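Student: Take this structure first; my questions come after.
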Amino acid sequence: MELHSLVTDSDITIWWDKEGVNVSEYEVSINGETSKTAKTHYTWENLEPDTEYHVEVKALLADSNIVDTANEENKAKTSIAKVRTLKTKRRIDVTKAPYNAVGDGKTMNTAVIQKAFDDCGKGDQIFFPKGDYMTGALRLHSDMEIYLDEGAILHGTADFHDYLPMIKSRFEGIENMSYSSLLNAGELDHNSEPNCSNILIRGEGEIRSGGQKLGMAIIEDETHKQKEYLESLGDKIKEYETDHTIQGRVRPRLINLSNCSRVRITGVTLSDGACWNVHMIYCDDIVTDHVTINSYGVWNGDGWDPDSSTNCTLFATVFNTGDDGVAIKSGKNPEGNIVNRSSEHIRVFDCVSKMGHGICIGSEMSGGVSDVRIWDCDLSNSWCGLEIKATRKRGAYVKDIHVVDCKVSRILMHSVLYNDDGERICPHPPVFENCSFERVHIQGRYLDQHDFEGGGIKESAAIELYGFDEEGYEIRDVRFKDIEIEDRKVQSISMQHCKGISFENVSFV
């Protein structure tokens, strides 16, 4: 086990990949004090700042015997690390002089909060005490920390004028100029390495924006601005998901990370981006943990979207989202093929879907997606459960996707027809290959959040595998092992254009 550590001045959080051994739980210790957990992460609180701690994790086998560290075969099941907490930072209270921000839910604080952000040095922490701080778009920089105390709300308005100027961004796989997000870090450049790094956003408060009201105001304004262009499309408008897809692509996100590295968002509640909530583009080493993401009722209200980004980790998170809880992307034809930046080394674990579409890869994946591992997630209350999707135009690949110990509404790997604007430059469809699903409980029914009056729950196939109808581009080499499917009165497994699909120990319960 390789241990990954996340630290503040008073906490240490560690996490590790789940391995394919018969482990019942883990023994974790810090300076010899031992606890046990069934999860693949653990947090110690109330530690001393700027102090080195000895951390150890041992895997416990199902028979409860600790793995023998003297046995060469099992040495990888025990990990030891030395981890140092951060130094305590100088607190910059935004309500104190010279900033004097007012948390009354009415006073606009954009200028003074931005001044505090600009003044924040490497050894400083921006502190929001309890209160409702109204603001427009804010810009972050490298080497800064934001702390929201319990009851503190960093609250973006529903007026789109407060999200100017426009910034270079990317939405649904296409680079464009969009409204600034509530929090913005980095400058977008697909030819560049990260240009903004070392940002920590934490606490027990909330970051909230204008949600559907803000998004629809922008769409209405863009409909007027783009009237002639929209009319000129004629029947081509049918290639878009809806008749306001084009106008909606300029909406701001809640948090926009462009060309960033080493960013952590932890503890806070994230609510009501005008579309996606956490969007990382051309980023590396982004961690989000112990958060709740609320966007029910927001069109395109995704929770967490790695987009042509690497080494992104999400855990201990609850989704109440208006669209995908997680959507892993890498660009859209033809631009995504040309930019050719993949999303890879993505980890999602110990997450729960209370509402939304679940975990999705695509449909924008023209730069490729690989090495995604998902475990210990409960996606029972979701529309799609686990979904991998693309259109024929996309090209590229989705491969090495591995799912273990999850509960899902259903599993979908399929070609889709919607969101299909853009020219095709790849001569062949995408490749879906080398995926595995192990110890997964599948309901064969999904939560239709658009039909609560009709009961909300719809029956469906538990597994749908629909590949591309071109020789060599079928869905291939997908393994299902130790799968439980709830025995419902519908076809449980449906496949078309597939090759090398294996099922081992599939039971109906």
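Chains: A, B, ... in order of the structure tokens. Residues: from 1 per chain. Ligands: from 1, in order shown.
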Need the shell around stretch 129-132 of chain A: protein/DNA/RNA residues with any atom at most 12 Å away, counting only C-alpha atoms. Skip same-chain ones fewer than 2 positions apart. Format as a PyMOL selection string?
Tutor: chain A and resi 91-96+100-109+126-127+134-135+146-157+203-209
Student: How would the residues just picked look written out with C-alpha atoms as a short mmCIF file (atom, residue, chain, number, x, y, z; two decimals), in the first residue's frame?
Tutor:
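Writing done, so here's part_0.cif:
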data_model
loop_
_atom_site.label_atom_id
_atom_site.label_comp_id
_atom_site.auth_asym_id
_atom_site.auth_seq_id
_atom_site.Cartn_x
_atom_site.Cartn_y
_atom_site.Cartn_z
CA ARG A 91 -5.07 34.49 10.32
CA ILE A 92 -6.50 37.23 8.11
CA ASP A 93 -10.08 37.79 9.34
CA VAL A 94 -12.06 39.32 6.45
CA THR A 95 -14.38 41.09 8.91
CA LYS A 96 -11.53 43.02 10.51
CA ASN A 100 -14.34 44.99 7.10
CA ALA A 101 -16.43 42.47 5.14
CA VAL A 102 -20.05 42.30 6.28
CA GLY A 103 -21.75 38.92 6.59
CA ASP A 104 -25.36 40.09 6.57
CA GLY A 105 -26.42 38.34 3.37
CA LYS A 106 -27.01 41.69 1.63
CA THR A 107 -23.83 43.76 1.55
CA MET A 108 -21.63 43.21 -1.50
CA ASN A 109 -18.10 42.31 -0.41
CA ILE A 126 -8.00 33.87 4.92
CA PHE A 127 -10.62 33.38 7.65
CA MET A 134 -22.30 38.18 -0.65
CA THR A 135 -19.80 38.49 -3.45
CA ILE A 146 -9.07 29.83 2.81
CA TYR A 147 -10.89 28.72 5.96
CA LEU A 148 -14.68 28.99 6.35
CA ASP A 149 -15.82 28.62 9.94
CA GLU A 150 -19.02 26.80 10.83
CA GLY A 151 -21.95 28.94 9.69
CA ALA A 152 -19.85 30.94 7.23
CA ILE A 153 -21.22 31.19 3.67
CA LEU A 154 -19.16 32.56 0.81
CA HIS A 155 -22.19 33.48 -1.26
CA GLY A 156 -22.10 34.29 -4.97
CA THR A 157 -24.94 36.42 -6.29
CA GLY A 203 -13.46 24.44 7.04
CA GLU A 204 -17.04 23.70 8.06
CA GLY A 205 -18.75 26.47 6.11
CA GLU A 206 -20.32 26.66 2.66
CA ILE A 207 -19.40 28.00 -0.76
CA ARG A 208 -22.61 28.79 -2.64
CA SER A 209 -23.44 30.51 -5.91
#
Student: Within 8 Å of stretch 42-58 of chain A, counting only C-alpha atoms, which residues qualify if same-chain residues fewer than 3 places away don't, as number ranges by chain?
Tutor: A: 9-15, 26-32, 37, 39, 66-67, 77-88
Student: List the spatial neighbours of A:Tyr282 as JSON, numbers by chain - criterion: any atom at most 6 Å away, only C-alpha atoms, same-chain residues fewer than 6 positions off excluded.
Tutor: {"A": [259, 308, 309]}
Student: Would you put the residues from that selection into a file with N, CA and C atoms, as a PDB file, in the first residue's frame?
Tutor:
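What landed in part.pdb:
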ATOM      1  N   ASN A 259      -5.150  24.773 -15.220  1.00  0.00           N
ATOM      2  CA  ASN A 259      -3.694  24.613 -15.144  1.00  0.00           C
ATOM      3  C   ASN A 259      -3.193  24.757 -13.712  1.00  0.00           C
ATOM      4  N   SER A 308      -9.354  16.543 -18.772  1.00  0.00           N
ATOM      5  CA  SER A 308      -7.963  16.474 -19.237  1.00  0.00           C
ATOM      6  C   SER A 308      -7.019  16.738 -18.068  1.00  0.00           C
ATOM      7  N   SER A 309      -7.291  16.071 -16.960  1.00  0.00           N
ATOM      8  CA  SER A 309      -6.519  16.274 -15.734  1.00  0.00           C
ATOM      9  C   SER A 309      -6.037  14.936 -15.188  1.00  0.00           C
TER      10      SER A 309
END
Student: As an mmCIF file with N, CA and C atoms, in the first residue's frame, please: all residues of stretch 308-425 of chain A that backbone DSSP puts in helix (DSSP H, G or I).
Tutor:
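Contents of the output file out-v7.cif:
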data_model
loop_
_atom_site.group_PDB
_atom_site.id
_atom_site.type_symbol
_atom_site.label_atom_id
_atom_site.label_comp_id
_atom_site.auth_asym_id
_atom_site.auth_seq_id
_atom_site.Cartn_x
_atom_site.Cartn_y
_atom_site.Cartn_z
ATOM 1 N N GLU A 335 -11.649 19.394 -31.474
ATOM 2 C CA GLU A 335 -10.654 20.095 -30.665
ATOM 3 C C GLU A 335 -9.996 19.181 -29.644
ATOM 4 N N GLY A 336 -10.793 18.311 -29.025
ATOM 5 C CA GLY A 336 -10.244 17.409 -28.027
ATOM 6 C C GLY A 336 -9.217 16.455 -28.601
ATOM 7 N N ASN A 337 -9.429 16.024 -29.861
ATOM 8 C CA ASN A 337 -8.444 15.167 -30.516
ATOM 9 C C ASN A 337 -7.143 15.922 -30.769
ATOM 10 N N ILE A 338 -7.254 17.196 -31.132
ATOM 11 C CA ILE A 338 -6.069 18.002 -31.457
ATOM 12 C C ILE A 338 -5.302 18.367 -30.187
ATOM 13 N N VAL A 339 -6.011 18.830 -29.161
ATOM 14 C CA VAL A 339 -5.362 19.149 -27.880
ATOM 15 C C VAL A 339 -4.727 17.886 -27.302
ATOM 16 N N ARG A 392 -19.824 8.434 -31.777
ATOM 17 C CA ARG A 392 -18.921 7.867 -32.782
ATOM 18 C C ARG A 392 -17.820 8.852 -33.183
ATOM 19 N N LYS A 393 -18.098 10.135 -33.107
ATOM 20 C CA LYS A 393 -17.141 11.134 -33.585
ATOM 21 C C LYS A 393 -15.917 11.289 -32.690
ATOM 22 N N ARG A 394 -15.999 10.849 -31.469
ATOM 23 C CA ARG A 394 -15.016 11.244 -30.474
ATOM 24 C C ARG A 394 -13.610 10.702 -30.750
#
Student: Give me the residues within 6 Å of A:Ser271 as a PyMOL selection string, counting only C-alpha atoms and dropping any in the same chain fewer than 4 places off.
Tutor: chain A and resi 208+293-295
Student: Would you mind listing, for every residue of stretch 116-198 of chain A within 12 Å of stretch 218-239 of chain A, the two atoms forming the shortest contact and the distance between them in Å to one decimal, using only C-alpha atoms, sorted by chain and ascending residue number, as JSON lines?
Tutor:
{"residue": "A:Ala158", "atom": "CA", "partner": "A:Ile218", "partner_atom": "CA", "distance": 9.7}
{"residue": "A:Asp159", "atom": "CA", "partner": "A:Ile218", "partner_atom": "CA", "distance": 8.8}
{"residue": "A:Phe160", "atom": "CA", "partner": "A:Ile218", "partner_atom": "CA", "distance": 6.4}
{"residue": "A:His161", "atom": "CA", "partner": "A:Ile218", "partner_atom": "CA", "distance": 9.4}
{"residue": "A:Asp162", "atom": "CA", "partner": "A:Ile218", "partner_atom": "CA", "distance": 11.6}
{"residue": "A:Tyr163", "atom": "CA", "partner": "A:Ile218", "partner_atom": "CA", "distance": 10.5}
{"residue": "A:Leu164", "atom": "CA", "partner": "A:Ile218", "partner_atom": "CA", "distance": 11.9}
{"residue": "A:Ser178", "atom": "CA", "partner": "A:Ile218", "partner_atom": "CA", "distance": 10.4}
{"residue": "A:Tyr179", "atom": "CA", "partner": "A:Ile218", "partner_atom": "CA", "distance": 9.1}
Student: Can you tell me, as a list in words, what residues are no more than 7 Å from A:Ile388 when counting only C-alpha atoms, ignoring any on the same chain fewer than 4 positions away?
Tutor: Cys360, Ile361, Gly362, Leu412, Met413 and His414 of chain A
Student: Could you produce a table of the residues of stretch 372-469 of chain A lying within 8 Å of stretch 483-501 of chain A, with the nearest pair of atoms per residue and their separation in Å rounded to one decimal, using only C-alpha atoms, ordered by chain and increasing residue number, as a Markdown table?
Tutor:
| residue | atom | partner | partner_atom | distance |
| --- | --- | --- | --- | --- |
| A:Phe437 | CA | A:Ile483 | CA | 7.9 |
| A:Glu438 | CA | A:Ile483 | CA | 6.5 |
| A:Arg439 | CA | A:Ile483 | CA | 5.4 |
| A:Val440 | CA | A:Ile483 | CA | 5.1 |
| A:His441 | CA | A:Glu484 | CA | 4.7 |
| A:Ile442 | CA | A:Ile485 | CA | 4.8 |
| A:Gln443 | CA | A:Glu486 | CA | 5.1 |
| A:Gly444 | CA | A:Glu486 | CA | 6.5 |
| A:Glu459 | CA | A:Val490 | CA | 7.2 |
| A:Ser460 | CA | A:Val490 | CA | 6.6 |
| A:Ala461 | CA | A:Ser492 | CA | 4.5 |
| A:Ala462 | CA | A:Ser492 | CA | 5.0 |
| A:Ile463 | CA | A:Ile493 | CA | 4.8 |
| A:Glu464 | CA | A:Ser494 | CA | 4.9 |
| A:Leu465 | CA | A:Met495 | CA | 4.6 |
| A:Tyr466 | CA | A:Gln496 | CA | 4.8 |
| A:Gly467 | CA | A:His497 | CA | 4.8 |
| A:Phe468 | CA | A:His497 | CA | 6.1 |
| A:Asp469 | CA | A:His497 | CA | 5.9 |
Student: For the residues selected in the previous step, produce a file with C-alpha atoms as a compact mmCIF listing (two decimals), in the first residue's frame.
Tutor:
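Result written to out.txt:
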# COMPACT_ATOMS: atom_id res chain seq x y z
CA PHE A 437 -16.35 -4.72 -12.05
CA GLU A 438 -15.89 -6.81 -8.93
CA ARG A 439 -18.07 -7.29 -5.87
CA VAL A 440 -20.72 -4.89 -7.18
CA HIS A 441 -24.39 -4.97 -6.15
CA ILE A 442 -26.65 -3.83 -9.01
CA GLN A 443 -30.28 -2.93 -8.46
CA GLY A 444 -31.57 -2.92 -12.04
CA GLU A 459 -36.86 -0.54 -13.73
CA SER A 460 -34.10 -1.15 -16.25
CA ALA A 461 -31.47 -3.65 -17.29
CA ALA A 462 -28.83 -4.04 -14.62
CA ILE A 463 -26.00 -4.09 -17.18
CA GLU A 464 -26.13 -2.49 -20.65
CA LEU A 465 -23.12 -2.88 -22.96
CA TYR A 466 -23.68 -1.32 -26.38
CA GLY A 467 -20.50 -0.90 -28.38
CA PHE A 468 -19.85 0.60 -31.80
CA ASP A 469 -20.89 -1.35 -34.90
